[in-house]
Structures are given as structure tokens and as C-alpha cells.
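First the structure, in the form of C-alpha cells, and then the observations on it.
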Amino acid sequence: TAPLAAEETPEVTETKQQQHDRMEWWHEAKFGMFIHWGIYSVVGGEYKGQKLPNSAEWMMCRGKVPIAEYSKYAEQFNPTKFDADTFVKMAKDAGMKYMVITAKHHDGFAMFDSVWGDYDVVDATPFGRDIMKELSRACNEQGLRFGFYYSQAQDWHHPGGFGNNWDKTIKRVSSDIYVNEKVIPEVKQLLTEYGPISILWWDTPRDMSAEAFENIYSLKSLQPGIITNDRLGKDYPGDHKTFERHIPDRGPVDQAWEVCMPISGSWGYKKGDEDFKSTSKLIRNLADIASKGGNYLLNVSPTGEGVVLPQAVERLKEIGDWMKINGDSIYGTTGSPFKKLDWGRCTKKEYAKGTTLYLHVFDWPENGELLVPGLKNPVKQAYLMADWKPLEFRQEESGTIISLPTDAPDPINSVITVQVSGTL
Ligand code: JFZ
């Protein structure tokens, strides 16, 4: 079958503005939780007493573990400490507005009650519960948007999936068979039996037939307004661009984008992973990304017991404490009008009658004066978000100079709200 002609694809009939409107909640949200969780989480990146390199959800591949052997990890997957309500509340309390979780990663194991067979959390584990259903319900109840990560190409379990070149027992079938009997029914199921699904996060593109691409791509019509990322295939840009682990110097101007990043070193739970980013780094990352107009999708890694490590819990709580005071400087903002600010970052909101600038001060000036270079718009008022106390300011040739108290209210990021006339 020939792929659909360009004018028949929804992306093309939708204008940029319509796309932006459809994604309004996502742009406002700014901050989401990513979760990598599967039967790989049981062993935390170790295999036969060896610590495998890199991200732990890749252990099957890194260890060249045969399918028959890997499947047995399902028998050990029993996350009895998991509770969807508590889990979602943790994300919500951190200030996160959406959640994207691995429904199926490259290992091919479904974290839901798959229609494809029994290689899933309900049928193959002692836990026997549909984790995706529980999280979807909890997100709906607590007002978070919910979405699925789905590895559409790599599947190390199915004989037509991509990536498994180590298990010599595989009797290969075509990738079309894999797509038709597994990917499409599973994704269809995820988009029809799990309540409102707001995001479909594909990963990672491989060459497939044009027909396979189109059939997979068209599934999104099952969920009105669903947002997809750019990892289905190179001809399928989706709704937003994904940056992986690093923050770009400048975000793309004409395209929605997001940075996904693990809170520690690995996406999936890895034993002994001490690479936790500091709370300071995480809060500044969020401000940095928002100042460039992007979203932050921050990943956590539950263990095989269903626990998020205390290091992550602590950081999420601290981010939440910061967001409770400073959330207005993140949610619903757009990028900075300034090229570079020596002391930190800026986000903004535009109103009919003027503009609000949020100055994220990372480096508190020692001389008590903060220069906002080039800001000539008449300033109506400036105050600290932490205490709403008005700040003195003066406007000179170089810009606007705001007088600050000696000590930063928050050594990580103190936000100053500045209301000005006009636009920037
Ligand atoms: C992929 C996965 O392989 C990985 O396990 C994890 O799920 C991550 C979020 O996504 O890894 C990638 C995919 C794409 C790039 C890098 C890592 N890339 O384009 O740079």
C-alpha cells in the first residue's frame, strides 16, 4: 500500500497555530515525570554477578541474555511496595503535571495486560496487576496527564523485532509480521483501554516498511489531541522534538521541544548508581529549559520492589518545595527575551496590558544590585517571589537595576517578578 498523500495526513491539514493550541496544556505544564520500569529493574543492571555498563534497562542486550533466560526475570518481578496513588502524589508534589511511563521497552515485556500474549506483568509475574491501568486511574484522579513510552521498533523478544542479534534460537520473521501482530494490537489496546492518554512517546526509529509506519502512525487518531514525540521515524516529526540528557544552548524556535533526563545516571534502576544530580542542578535545569521555551521530562527508576530510591524522593520533594513558592515562574511561561544573563535565567508571560518577567537569580550579586541589561520598558513593580516584598529599582542607559537584600532567599534560585509595560 502506498503511504498516504501529504494532504491526507492530519499534521499537514493542521496549522502551526492549531497544533500549538492542541498542545496548550503541555506547553503550560513545563515539567513531567518519566519512568523507566520493567523486569530489568529486578536486577538493577547486573548479570551473573557482573555490573553491566551503561543504562540498566539495556541489560538483556549488554549481557547478551537469551530470551528464554531473560523471560524468567518476570518470575521475580513483584513490586509489592508499589502503590499508584502514592506514586502519582509524589510526582504531583514535585510540581510535575504529567507522567510518561515505559509500557513496553526494548526487552519486549509489556507492563500492562497485553492482548498479544502472556509476556506481560499480569500474566507472567507473581505481582499480577496491571500497573499501567493503576497509574492511569491515579493520574486521572489527581489531575496529572498520563502517557506511554512504547518501543515500536526494537523488541528483543519478538522474532520480527529489531535489535536482538545474540539469541541464535530466534527463528526470524519479517518486521511487518511483528508490527501487525504485536505493535499495532498493543498500541491500539493502550489507546483504547487505559482511559485518556495524552502522550505517546515513541522510541527509537528503525527502518520499517512505509505501510508499517503509516499504520502505526495513524493509531494516534484513537486518542483525540494526543501528543507524540519525534522518535517514530525520520519522516514523522511528531509534535515535539526530544533532546536526550543534555540541554541545548538554544531551543528550536519553530517547534515544541523537551529535554528528557534521568535523575541519576541510568534510566532504569541501577544498583549502586550514585550519579544523582543535585537538587540545585535539577531546579536550575528546569529554569534553564523553561527560559529557552522547552519542557523538562525528568526520569525516575523504581526498583523491582516498586520503590523509588530515597535519593530521588528527597530531590523530588525539594523541587516541589521550590515549586510551591516559585511555580508561577515556570508554569505557562515562554522563553527569555534576553540572549544571555550573567546571573541566571529569565522566563516571561505576556498579557494584554504588559509583560511579567521572572528573573531566576542563580548567582546573587554581592553588591546588592541586579542589572537586567537592556530592559527599557517602563517597570511597574518588582518584587521577590519568596516574600512579595517590593524591591527598589532604577532605570538607566544600561538597563534596569534592581536593589536586592544582602542575602538570597534561596541559594539555588531566587525568583524576582518584574512587571513592565509593553512587550519584549
Ligand atoms: C533510548 C533508549 O534506548 C533508552 O533505553 C532510554 O529509553 C532512552 C530514553 O531512549 O535511548 C536513546 C535514544 C535516542 C538517543 C539516545 C538514546 N539519541 O537520539 O541520541
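Every chain in the C-alpha cells takes a letter, A first, then B, and so on in the order presented; its residues are numbered from 1, and the ligands are numbered from 1 following the presented order.
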
Go through chain A residue by residue and, counting only C-alpha atoms and all ligand atoms, keep those with an atom at most 6 Å from ligand 1; for each kept residue give the shortest atom pair and its distance in Å to one decimal, ordered by chain and increasing number, as CSV.
residue,atom,partner,partner_atom_place_in_ligand_line,distance
A:Glu57,CA,ligand 1,5 (O),5.8
A:Thr204,CA,ligand 1,13 (C),5.6
A:Glu244,CA,ligand 1,20 (O),5.8

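For Gln142 of chain A, the set of protein, DNA and RNA residues having any atom at most 10 Å away, when counting only C-alpha atoms and skipping those fewer than 2 positions along the same chain, is Asp85, Val88, Lys89, Lys92, Lys97, Arg137, Ala138, Cys139, Asn140, Leu144 and Arg145 of chain A.
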
Go ahead and save the residues from that selection, with C-alpha atoms, as a PDB file, in the first residue's frame.
ATOM      1  CA  ASP A  85      -1.790   6.777  44.437  1.00  0.00           C
ATOM      2  CA  VAL A  88       1.388   9.821  41.468  1.00  0.00           C
ATOM      3  CA  LYS A  89       1.205  12.022  44.542  1.00  0.00           C
ATOM      4  CA  LYS A  92       2.348  15.894  41.808  1.00  0.00           C
ATOM      5  CA  LYS A  97       1.981  17.919  35.612  1.00  0.00           C
ATOM      6  CA  ARG A 137      -6.501   5.843  37.037  1.00  0.00           C
ATOM      7  CA  ALA A 138      -4.394   7.527  39.739  1.00  0.00           C
ATOM      8  CA  CYS A 139      -3.193  10.219  37.328  1.00  0.00           C
ATOM      9  CA  ASN A 140      -6.748  10.939  36.271  1.00  0.00           C
ATOM     10  CA  LEU A 144      -1.999  14.657  36.010  1.00  0.00           C
ATOM     11  CA  ARG A 145      -1.829  13.957  32.313  1.00  0.00           C
TER      12      ARG A 145
END

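Note that atom CA of Thr242 of chain A and atom CA of Phe362 of chain A are 25.9 Å apart.
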
message = as an MDAnalysis selection string, please: every residue in segment 12-215 of chain A that a backbone DSSP assignment puts in strand (DSSP E or B).
response = chainID A and resid 31:35 46:47 50:51 98:104 110 120 145:150 154 162 199:202

Output C-alpha atoms for every residue in the selection just made, as a PDB file, in the first residue's frame.
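Once everything was written out, this is out-v7.pdb:
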ATOM      1  CA  PHE A  31       7.549  19.700  33.929  1.00  0.00           C
ATOM      2  CA  GLY A  32       6.777  15.986  33.752  1.00  0.00           C
ATOM      3  CA  MET A  33       7.890  12.680  35.187  1.00  0.00           C
ATOM      4  CA  PHE A  34       9.451   9.986  33.018  1.00  0.00           C
ATOM      5  CA  ILE A  35       9.540   6.448  34.400  1.00  0.00           C
ATOM      6  CA  GLU A  46      23.694  -6.792  36.977  1.00  0.00           C
ATOM      7  CA  TYR A  47      24.010 -10.127  35.242  1.00  0.00           C
ATOM      8  CA  GLN A  50      28.728  -8.625  36.760  1.00  0.00           C
ATOM      9  CA  LYS A  51      27.847  -4.988  36.634  1.00  0.00           C
ATOM     10  CA  TYR A  98       2.305  14.783  33.536  1.00  0.00           C
ATOM     11  CA  MET A  99       3.754  11.314  33.540  1.00  0.00           C
ATOM     12  CA  VAL A 100       5.212   9.153  30.773  1.00  0.00           C
ATOM     13  CA  ILE A 101       5.954   5.529  31.591  1.00  0.00           C
ATOM     14  CA  THR A 102       7.503   2.600  29.734  1.00  0.00           C
ATOM     15  CA  ALA A 103       4.520   0.481  28.664  1.00  0.00           C
ATOM     16  CA  LYS A 104       6.997  -1.629  26.697  1.00  0.00           C
ATOM     17  CA  ALA A 110       4.544  -5.415  28.479  1.00  0.00           C
ATOM     18  CA  ASP A 120       3.299  -9.171  30.426  1.00  0.00           C
ATOM     19  CA  ARG A 145      -1.829  13.957  32.313  1.00  0.00           C
ATOM     20  CA  PHE A 146      -0.743  10.424  31.503  1.00  0.00           C
ATOM     21  CA  GLY A 147       1.214   8.989  28.606  1.00  0.00           C
ATOM     22  CA  PHE A 148       3.020   5.896  27.370  1.00  0.00           C
ATOM     23  CA  TYR A 149       6.575   5.281  26.230  1.00  0.00           C
ATOM     24  CA  TYR A 150       6.443   2.472  23.665  1.00  0.00           C
ATOM     25  CA  GLN A 154      13.377  -2.522  18.967  1.00  0.00           C
ATOM     26  CA  PHE A 162      14.761  -5.160  15.879  1.00  0.00           C
ATOM     27  CA  ILE A 199       1.222  11.393  25.174  1.00  0.00           C
ATOM     28  CA  LEU A 200       2.645   8.645  23.029  1.00  0.00           C
ATOM     29  CA  TRP A 201       6.417   8.612  23.346  1.00  0.00           C
ATOM     30  CA  TRP A 202       7.943   6.512  20.576  1.00  0.00           C
TER      31      TRP A 202
END

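Pairwise distance (atom CA of Thr355 of chain A, atom CA of Leu424 of chain A) equals 7.7 Å.
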
message = If we count only C-alpha atoms and set the cut-off at 9 Å, which residues sit around Asp275 of chain A, ignoring sequence neighbours fewer than 2 positions away in its own chain? Please answer as a ChimeraX atom specification.
response = /A:263-266,272-273,277
